[in-house]
Every structure is written in C-alpha cells, then in structure tokens.
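Here's the structure we're looking at; comments come further down.
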Amino acid sequence: MDDLGDVAWPPEPIRTARLVLREPEARDRAAFIDLYASAEVTMYVGGPQPRAELERAIPEVPRRWPGNFVVDLDGTMIGQILLRRATGHRSPAAVGKADLGYLFLPQAWGFGYAAEACTAALDWLAGALPGEPVVLTTQSANVASMRLAEKLGFVEVERFEAWDAEQWLGMRSPVTPSR
C-alpha cells in the first residue's frame with residue numbers, strides 16, 4: 001500500500017456527532033499496542049502480534065502518514081481508520097484504488113462508531129480526491145465487517161482466496177454531485 005498521493009495532510013480534525021478523526025499522538029501509543037495485540041481485533045487480519053514486540057516497535061509518537069486516522073471518543077483512542085492506495089493487492093480489481101481499512105477496540109464495538117468514523121473518512125476522501133473509487137477487503141467470515149461494508153455502500157466485486165481464507169472485495173463508486 002502506498003500513500004494517497006497529492007492530498008493536503010494533515011487535515012483539520014474531522015468531527016462527527018460523537019467522534020474526532022485525527023492524526024496519531026503520543027497519548028495513543030498504549031491504545032495502538034492494545035489494538036494490534038488483541039486476538040479479538042486481529043482475528044480476521046492475521047492474528048495478534050506479541051505485546052513485547054509491539055512495545056519495542058511502536059515509537060513514542062505512533063507513525064503518521066496521509067490517510068492514517070485515530071478515532072477518538074472523548075479524548076481517548078477507540079480505533080483506527082486507514083485510507084491507502086492499494087498497490088500490491090491480491091486482487092487486480094483493487095490495484096490502484098483507494099483502500100479503506102479499520103480496526104476498533106472491543107469495548108467500542110456495537111455502538112455504531114465504526115460506521116460513523118468510516119463515513120466521515122470516506123466523506124473526507126471524496127473532498128480530497130473527488131471521483132475516487134474506494135475498495136474494502138474483508139474475510140467473508142467476518143460478518144460484522146461485511147454488514148458495515150454494505151451499510152457504507154460497498155458492493156461485492158469478487159471473492160478470492162488469500163491468507164488461507166475466503167476474502168470479500170467490495171467497491172464503493174464515487175458519489176456524483178447532483179446538478
């Protein structure tokens with residue numbers, strides 16, 4: 001995955017009714033470690049990483065790059081939204097398109113935060129890169145992620161085998177402004 005190209009970064013924090021999407025800060029380091037070390041969170045994305053390894057690898061201020069948003073609820077990180085360019089994707093249909101990914105801590109599940117944050121990130125992308133189609137890949141076994149993808153307007157393009165599991169690739173066509 002590569003960056004999104006010529007986008008103004010960082011944007012002003014993106015505010016929704018309940019959340020703020022912003023760049024990572026030093027105060028988010030522990031939440032990033034919890035996110036990547038969680039067996040629940042990483043069940044469909046390769047599994048947890050050893051906490052000790054994450055403690056060594058994650059810098060004091062977690063890495064910042066265009067499209068990497070912390071999802072903040074009342075001053076606390078509850079998840080991460082990633083928007084990147086799909087360059088080495090396993091599906092040729094996804095290559096070159098913007099790719100949406102998301103991870104949320106288990107205590108944030110079931111409240112609609114993922115839908116709210118992803119919608120805000122997709123709206124930001126539509127303003128930053130008008131006309132850009134977006135892809136999303138998830139394991140077809142990840143029922144919650146499949147429901148979220150549908151809610152966000154992604155439509156199935158294909159299913160394929162990768163990482164020893166069936167993957168679902170969806171695409172969200174760019175919104176055409178009404179005249």
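Starting from 1 in every chain, residues are counted up; chains themselves are A, B, ... following the order of the structure tokens, and ligands are numbered from 1 as listed.
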
Write out as an mmCIF file with N, CA, C and O atoms, in the first residue's frame which residues come within 12 Å of segment 143-145 of chain A when counting only C-alpha atoms, dropping same-chain ones fewer than 2 positions away.
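Written output follows (part06.cif):
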```cif
data_model
loop_
_atom_site.group_PDB
_atom_site.id
_atom_site.type_symbol
_atom_site.label_atom_id
_atom_site.label_comp_id
_atom_site.auth_asym_id
_atom_site.auth_seq_id
_atom_site.Cartn_x
_atom_site.Cartn_y
_atom_site.Cartn_z
ATOM 1 N N VAL A 41 -9.565 -8.327 18.028
ATOM 2 C CA VAL A 41 -9.470 -7.300 16.989
ATOM 3 C C VAL A 41 -8.816 -7.855 15.729
ATOM 4 O O VAL A 41 -9.242 -7.575 14.612
ATOM 5 N N MET A 43 -8.470 -11.014 14.696
ATOM 6 C CA MET A 43 -8.881 -12.365 14.314
ATOM 7 C C MET A 43 -8.917 -12.560 12.795
ATOM 8 O O MET A 43 -8.525 -13.607 12.292
ATOM 9 N N TYR A 44 -9.357 -11.551 12.051
ATOM 10 C CA TYR A 44 -9.517 -11.685 10.604
ATOM 11 C C TYR A 44 -8.419 -10.983 9.812
ATOM 12 O O TYR A 44 -8.518 -10.877 8.593
ATOM 13 N N VAL A 45 -7.411 -10.485 10.497
ATOM 14 C CA VAL A 45 -6.324 -9.774 9.796
ATOM 15 C C VAL A 45 -4.956 -10.312 10.194
ATOM 16 O O VAL A 45 -3.997 -9.559 10.337
ATOM 17 N N LEU A 100 -9.954 1.203 1.995
ATOM 18 C CA LEU A 100 -10.386 1.532 3.352
ATOM 19 C C LEU A 100 -10.154 0.356 4.270
ATOM 20 O O LEU A 100 -10.542 -0.772 3.956
ATOM 21 N N GLY A 101 -9.528 0.611 5.410
ATOM 22 C CA GLY A 101 -9.362 -0.395 6.457
ATOM 23 C C GLY A 101 -9.711 0.225 7.794
ATOM 24 O O GLY A 101 -9.644 1.446 7.964
ATOM 25 N N TYR A 102 -10.082 -0.613 8.749
ATOM 26 C CA TYR A 102 -10.463 -0.108 10.066
ATOM 27 C C TYR A 102 -10.264 -1.186 11.111
ATOM 28 O O TYR A 102 -10.414 -2.371 10.849
ATOM 29 N N LEU A 103 -9.889 -0.755 12.294
ATOM 30 C CA LEU A 103 -9.768 -1.611 13.473
ATOM 31 C C LEU A 103 -10.295 -0.825 14.663
ATOM 32 O O LEU A 103 -9.960 0.359 14.819
ATOM 33 N N PHE A 104 -11.108 -1.478 15.486
ATOM 34 C CA PHE A 104 -11.653 -0.837 16.679
ATOM 35 C C PHE A 104 -11.449 -1.730 17.888
ATOM 36 O O PHE A 104 -11.546 -2.957 17.775
ATOM 37 N N TRP A 109 -17.111 -1.755 20.216
ATOM 38 C CA TRP A 109 -17.966 -2.492 19.281
ATOM 39 C C TRP A 109 -19.433 -2.366 19.675
ATOM 40 O O TRP A 109 -19.787 -2.347 20.854
ATOM 41 N N GLY A 110 -20.296 -2.313 18.662
ATOM 42 C CA GLY A 110 -21.727 -2.366 18.895
ATOM 43 C C GLY A 110 -22.412 -1.031 19.143
ATOM 44 O O GLY A 110 -23.602 -0.996 19.443
ATOM 45 N N GLY A 112 -22.026 1.695 16.831
ATOM 46 C CA GLY A 112 -22.095 2.451 15.585
ATOM 47 C C GLY A 112 -20.913 3.360 15.338
ATOM 48 O O GLY A 112 -20.918 4.149 14.386
ATOM 49 N N ALA A 114 -17.861 2.609 14.310
ATOM 50 C CA ALA A 114 -17.146 2.274 13.065
ATOM 51 C C ALA A 114 -17.858 2.878 11.863
ATOM 52 O O ALA A 114 -17.215 3.466 10.984
ATOM 53 N N ALA A 115 -19.172 2.744 11.814
ATOM 54 C CA ALA A 115 -19.933 3.318 10.689
ATOM 55 C C ALA A 115 -19.791 4.835 10.667
ATOM 56 O O ALA A 115 -19.573 5.436 9.598
ATOM 57 N N CYS A 118 -16.051 5.677 9.653
ATOM 58 C CA CYS A 118 -15.768 5.353 8.247
ATOM 59 C C CYS A 118 -16.494 6.304 7.308
ATOM 60 O O CYS A 118 -15.937 6.735 6.292
ATOM 61 N N LEU A 136 -12.635 -2.169 -0.357
ATOM 62 C CA LEU A 136 -12.556 -2.668 1.007
ATOM 63 C C LEU A 136 -12.468 -4.186 0.899
ATOM 64 O O LEU A 136 -13.246 -4.800 0.161
ATOM 65 N N THR A 137 -11.520 -4.773 1.600
ATOM 66 C CA THR A 137 -11.368 -6.227 1.620
ATOM 67 C C THR A 137 -11.555 -6.709 3.043
ATOM 68 O O THR A 137 -10.997 -6.126 3.977
ATOM 69 N N THR A 138 -12.330 -7.766 3.194
ATOM 70 C CA THR A 138 -12.503 -8.397 4.494
ATOM 71 C C THR A 138 -12.705 -9.885 4.286
ATOM 72 O O THR A 138 -13.107 -10.309 3.199
ATOM 73 N N GLN A 139 -12.419 -10.665 5.301
ATOM 74 C CA GLN A 139 -12.724 -12.086 5.202
ATOM 75 C C GLN A 139 -14.237 -12.238 5.163
ATOM 76 O O GLN A 139 -14.953 -11.574 5.915
ATOM 77 N N SER A 140 -14.725 -13.119 4.288
ATOM 78 C CA SER A 140 -16.166 -13.324 4.218
ATOM 79 C C SER A 140 -16.710 -13.887 5.529
ATOM 80 O O SER A 140 -17.895 -13.732 5.827
ATOM 81 N N ALA A 141 -15.871 -14.485 6.353
ATOM 82 C CA ALA A 141 -16.296 -14.987 7.663
ATOM 83 C C ALA A 141 -16.527 -13.859 8.675
ATOM 84 O O ALA A 141 -17.171 -14.072 9.701
ATOM 85 N N ARG A 147 -21.352 -6.545 7.151
ATOM 86 C CA ARG A 147 -22.526 -5.688 7.383
ATOM 87 C C ARG A 147 -22.134 -4.216 7.300
ATOM 88 O O ARG A 147 -22.858 -3.407 6.715
ATOM 89 N N LEU A 148 -20.989 -3.862 7.889
ATOM 90 C CA LEU A 148 -20.530 -2.481 7.847
ATOM 91 C C LEU A 148 -20.246 -2.062 6.403
ATOM 92 O O LEU A 148 -20.643 -0.974 5.983
ATOM 93 N N ALA A 149 -19.579 -2.911 5.645
ATOM 94 C CA ALA A 149 -19.277 -2.594 4.243
ATOM 95 C C ALA A 149 -20.561 -2.310 3.470
ATOM 96 O O ALA A 149 -20.636 -1.331 2.703
ATOM 97 N N GLU A 150 -21.572 -3.126 3.670
ATOM 98 C CA GLU A 150 -22.854 -2.918 2.983
ATOM 99 C C GLU A 150 -23.484 -1.592 3.416
ATOM 100 O O GLU A 150 -23.962 -0.819 2.588
ATOM 101 N N LYS A 151 -23.451 -1.325 4.703
ATOM 102 C CA LYS A 151 -24.015 -0.082 5.240
ATOM 103 C C LYS A 151 -23.313 1.147 4.649
ATOM 104 O O LYS A 151 -23.932 2.180 4.418
ATOM 105 N N LEU A 152 -22.010 1.015 4.391
ATOM 106 C CA LEU A 152 -21.220 2.121 3.835
ATOM 107 C C LEU A 152 -21.372 2.260 2.322
ATOM 108 O O LEU A 152 -20.814 3.171 1.731
ATOM 109 N N PHE A 154 -20.629 -0.282 -0.025
ATOM 110 C CA PHE A 154 -19.733 -1.124 -0.819
ATOM 111 C C PHE A 154 -20.543 -2.263 -1.432
ATOM 112 O O PHE A 154 -21.411 -2.834 -0.782
ATOM 113 N N GLN A 167 -11.751 -14.271 0.938
ATOM 114 C CA GLN A 167 -11.786 -12.820 1.095
ATOM 115 C C GLN A 167 -12.925 -12.242 0.255
ATOM 116 O O GLN A 167 -13.243 -12.752 -0.813
ATOM 117 N N TRP A 168 -13.494 -11.182 0.740
ATOM 118 C CA TRP A 168 -14.555 -10.453 0.043
ATOM 119 C C TRP A 168 -14.006 -9.093 -0.346
ATOM 120 O O TRP A 168 -13.441 -8.382 0.491
ATOM 121 N N LEU A 169 -14.138 -8.740 -1.619
ATOM 122 C CA LEU A 169 -13.710 -7.428 -2.103
ATOM 123 C C LEU A 169 -14.946 -6.651 -2.510
ATOM 124 O O LEU A 169 -15.731 -7.114 -3.343
ATOM 125 N N GLY A 170 -15.114 -5.492 -1.907
ATOM 126 C CA GLY A 170 -16.219 -4.612 -2.265
ATOM 127 C C GLY A 170 -15.682 -3.299 -2.808
ATOM 128 O O GLY A 170 -14.551 -2.909 -2.510
#
```

Between segment 81-114 of chain A and segment 54-75 of chain A, at 7 Å or less, what are the per-residue closest atom pairs and their distances in Å? Count only C-alpha atoms, order by chain and rising residue number, and return it as CSV.
```
residue,atom,partner,partner_atom,distance
A:Ile81,CA,A:Phe69,CA,5.1
A:Leu82,CA,A:Asn68,CA,4.8
A:Leu83,CA,A:Gly67,CA,4.5
A:Arg84,CA,A:Gly67,CA,6.1
```

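Counting only C-alpha atoms and comparing A:Asp6, A:Asp34, A:Arg85, A:Ile14, the residue that lies closest to Trp124 of chain A is A:Ile14.
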
**OP:** Once DSSP has gone over the backbone, tell me which residues of segment 40-134 of chain A are in alpha helix (DSSP H), as a PyMOL selection string.
**Re:** chain A and resi 51-57+113-128

Please produce a file of those selected residues containing N, CA, C and O atoms, as a CSV table (one decimal), in the first residue's frame.
```
chain,number,residue,atom,x,y,z
A,51,ARG,N,2.8,-8.6,22.4
A,51,ARG,CA,2.8,-7.3,23.1
A,51,ARG,C,4.2,-6.8,23.3
A,51,ARG,O,4.5,-5.6,23.1
A,52,ALA,N,5.1,-7.6,23.7
A,52,ALA,CA,6.5,-7.2,23.9
A,52,ALA,C,7.1,-6.7,22.6
A,52,ALA,O,7.9,-5.7,22.6
A,53,GLU,N,6.8,-7.3,21.5
A,53,GLU,CA,7.3,-6.9,20.2
A,53,GLU,C,6.7,-5.5,19.9
A,53,GLU,O,7.5,-4.6,19.4
A,54,LEU,N,5.5,-5.3,20.1
A,54,LEU,CA,4.8,-4.0,19.8
A,54,LEU,C,5.4,-3.0,20.7
A,54,LEU,O,5.6,-1.8,20.2
A,55,GLU,N,5.7,-3.3,22.0
A,55,GLU,CA,6.3,-2.3,22.9
A,55,GLU,C,7.6,-1.8,22.4
A,55,GLU,O,7.9,-0.6,22.5
A,56,ARG,N,8.4,-2.7,21.7
A,56,ARG,CA,9.7,-2.3,21.2
A,56,ARG,C,9.5,-1.6,19.8
A,56,ARG,O,10.3,-0.6,19.5
A,57,ALA,N,8.5,-2.0,19.0
A,57,ALA,CA,8.4,-1.5,17.6
A,57,ALA,C,7.6,-0.1,17.5
A,57,ALA,O,8.0,0.6,16.6
A,113,TYR,N,-19.9,3.3,16.2
A,113,TYR,CA,-18.7,4.1,16.0
A,113,TYR,C,-18.0,3.9,14.7
A,113,TYR,O,-17.5,4.8,14.0
A,114,ALA,N,-17.9,2.6,14.3
A,114,ALA,CA,-17.1,2.3,13.1
A,114,ALA,C,-17.9,2.9,11.9
A,114,ALA,O,-17.2,3.5,11.0
A,115,ALA,N,-19.2,2.7,11.8
A,115,ALA,CA,-19.9,3.3,10.7
A,115,ALA,C,-19.8,4.8,10.7
A,115,ALA,O,-19.6,5.4,9.6
A,116,GLU,N,-19.9,5.5,11.8
A,116,GLU,CA,-19.8,6.9,11.9
A,116,GLU,C,-18.4,7.4,11.5
A,116,GLU,O,-18.2,8.3,10.7
A,117,ALA,N,-17.3,6.7,12.0
A,117,ALA,CA,-16.0,7.1,11.6
A,117,ALA,C,-15.7,6.8,10.2
A,117,ALA,O,-15.0,7.7,9.5
A,118,CYS,N,-16.1,5.7,9.7
A,118,CYS,CA,-15.8,5.4,8.2
A,118,CYS,C,-16.5,6.3,7.3
A,118,CYS,O,-15.9,6.7,6.3
A,119,THR,N,-17.7,6.6,7.6
A,119,THR,CA,-18.5,7.6,6.8
A,119,THR,C,-17.8,8.9,6.8
A,119,THR,O,-17.6,9.5,5.7
A,120,ALA,N,-17.3,9.4,7.9
A,120,ALA,CA,-16.6,10.7,8.0
A,120,ALA,C,-15.3,10.6,7.1
A,120,ALA,O,-14.9,11.5,6.4
A,121,ALA,N,-14.5,9.5,7.3
A,121,ALA,CA,-13.3,9.3,6.5
A,121,ALA,C,-13.6,9.3,5.0
A,121,ALA,O,-12.8,9.9,4.2
A,122,LEU,N,-14.6,8.6,4.6
A,122,LEU,CA,-15.0,8.5,3.2
A,122,LEU,C,-15.4,9.8,2.7
A,122,LEU,O,-15.1,10.2,1.5
A,123,ASP,N,-16.2,10.6,3.5
A,123,ASP,CA,-16.6,12.0,3.1
A,123,ASP,C,-15.3,12.8,2.9
A,123,ASP,O,-15.2,13.6,1.9
A,124,TRP,N,-14.3,12.7,3.8
A,124,TRP,CA,-13.1,13.5,3.7
A,124,TRP,C,-12.4,13.1,2.4
A,124,TRP,O,-11.9,14.0,1.6
A,125,LEU,N,-12.3,11.8,2.1
A,125,LEU,CA,-11.6,11.4,0.9
A,125,LEU,C,-12.3,11.9,-0.4
A,125,LEU,O,-11.7,12.3,-1.3
A,126,ALA,N,-13.7,11.9,-0.4
A,126,ALA,CA,-14.4,12.4,-1.5
A,126,ALA,C,-14.1,13.9,-1.8
A,126,ALA,O,-14.1,14.3,-2.9
A,127,GLY,N,-13.9,14.6,-0.7
A,127,GLY,CA,-13.5,16.0,-0.9
A,127,GLY,C,-12.0,16.2,-1.3
A,127,GLY,O,-11.7,17.1,-2.1
A,128,ALA,N,-11.1,15.3,-0.8
A,128,ALA,CA,-9.7,15.4,-1.1
A,128,ALA,C,-9.4,14.9,-2.4
A,128,ALA,O,-8.5,15.4,-3.1
```

Subject >> atom CA of Phe111 of chain A to atom CA of Ala26 of chain A, distance in Å rounded to a single decimal >> reply: 25.9 Å

Subject >> Closest of A:Ala108, A:Phe160, A:Thr76, A:Gly47 to Ala93 of chain A - atom-to-atom distances counting only C-alpha atoms >> reply: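 The answer is A:Phe160, which sits nearest to Ala93 of chain A.
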
**OP:** Just list the residues in chain A DSSP gives strand (DSSP E) on the backbone, as an NGL selection string.
**Re:** :A and (14-15 or 20-22 or 68-73 or 76-85 or 98-104 or 134-139 or 155-162 or 165-172)

Save the residues we just selected, C-alpha atoms, as a PDB file, in the first residue's frame?
```pdb
ATOM      1  CA  ILE A  14     -12.738  15.680  11.418  1.00  0.00           C
ATOM      2  CA  ARG A  15     -15.603  15.956  13.871  1.00  0.00           C
ATOM      3  CA  VAL A  20     -12.977  13.054  16.221  1.00  0.00           C
ATOM      4  CA  LEU A  21     -10.747  11.665  13.466  1.00  0.00           C
ATOM      5  CA  ARG A  22      -7.208  12.985  13.864  1.00  0.00           C
ATOM      6  CA  ASN A  68      -3.955   7.203   8.936  1.00  0.00           C
ATOM      7  CA  PHE A  69      -6.670   8.431  11.309  1.00  0.00           C
ATOM      8  CA  VAL A  70      -7.072   7.806  15.017  1.00  0.00           C
ATOM      9  CA  VAL A  71     -10.728   7.522  16.001  1.00  0.00           C
ATOM     10  CA  ASP A  72     -11.105   9.484  19.227  1.00  0.00           C
ATOM     11  CA  LEU A  73     -14.068   9.307  21.619  1.00  0.00           C
ATOM     12  CA  THR A  76      -9.433   8.508  24.054  1.00  0.00           C
ATOM     13  CA  MET A  77      -8.424   6.440  21.031  1.00  0.00           C
ATOM     14  CA  ILE A  78     -11.001   3.708  20.308  1.00  0.00           C
ATOM     15  CA  GLY A  79      -9.883   2.720  16.817  1.00  0.00           C
ATOM     16  CA  GLN A  80      -8.011   3.422  13.623  1.00  0.00           C
ATOM     17  CA  ILE A  81      -9.140   4.197  10.075  1.00  0.00           C
ATOM     18  CA  LEU A  82      -6.696   3.655   7.209  1.00  0.00           C
ATOM     19  CA  LEU A  83      -7.116   5.044   3.728  1.00  0.00           C
ATOM     20  CA  ARG A  84      -4.260   3.987   1.461  1.00  0.00           C
ATOM     21  CA  ARG A  85      -3.567   3.282  -2.172  1.00  0.00           C
ATOM     22  CA  ALA A  98      -8.093   3.887  -2.529  1.00  0.00           C
ATOM     23  CA  ASP A  99      -8.431   1.146   0.091  1.00  0.00           C
ATOM     24  CA  LEU A 100     -10.386   1.532   3.352  1.00  0.00           C
ATOM     25  CA  GLY A 101      -9.362  -0.395   6.457  1.00  0.00           C
ATOM     26  CA  TYR A 102     -10.463  -0.108  10.066  1.00  0.00           C
ATOM     27  CA  LEU A 103      -9.768  -1.611  13.473  1.00  0.00           C
ATOM     28  CA  PHE A 104     -11.653  -0.837  16.679  1.00  0.00           C
ATOM     29  CA  VAL A 134     -12.745   3.016  -2.872  1.00  0.00           C
ATOM     30  CA  VAL A 135     -12.245  -0.697  -2.205  1.00  0.00           C
ATOM     31  CA  LEU A 136     -12.556  -2.668   1.007  1.00  0.00           C
ATOM     32  CA  THR A 137     -11.368  -6.227   1.620  1.00  0.00           C
ATOM     33  CA  THR A 138     -12.503  -8.397   4.494  1.00  0.00           C
ATOM     34  CA  GLN A 139     -12.724 -12.086   5.202  1.00  0.00           C
ATOM     35  CA  VAL A 155     -20.894  -3.628  -3.412  1.00  0.00           C
ATOM     36  CA  GLU A 156     -19.280  -7.025  -3.907  1.00  0.00           C
ATOM     37  CA  VAL A 157     -16.828  -7.171  -6.804  1.00  0.00           C
ATOM     38  CA  GLU A 158     -15.387 -10.607  -6.152  1.00  0.00           C
ATOM     39  CA  ARG A 159     -14.365 -13.248  -3.657  1.00  0.00           C
ATOM     40  CA  PHE A 160     -10.916 -14.765  -3.669  1.00  0.00           C
ATOM     41  CA  GLU A 161      -8.679 -16.976  -1.554  1.00  0.00           C
ATOM     42  CA  ALA A 162      -5.824 -15.343   0.347  1.00  0.00           C
ATOM     43  CA  ALA A 165      -9.378 -17.832   3.937  1.00  0.00           C
ATOM     44  CA  GLU A 166     -12.033 -16.599   1.540  1.00  0.00           C
ATOM     45  CA  GLN A 167     -11.786 -12.820   1.095  1.00  0.00           C
ATOM     46  CA  TRP A 168     -14.555 -10.453   0.043  1.00  0.00           C
ATOM     47  CA  LEU A 169     -13.710  -7.428  -2.103  1.00  0.00           C
ATOM     48  CA  GLY A 170     -16.219  -4.612  -2.265  1.00  0.00           C
ATOM     49  CA  MET A 171     -16.126  -1.329  -4.138  1.00  0.00           C
ATOM     50  CA  ARG A 172     -17.810   1.970  -3.412  1.00  0.00           C
TER      51      ARG A 172
END
```
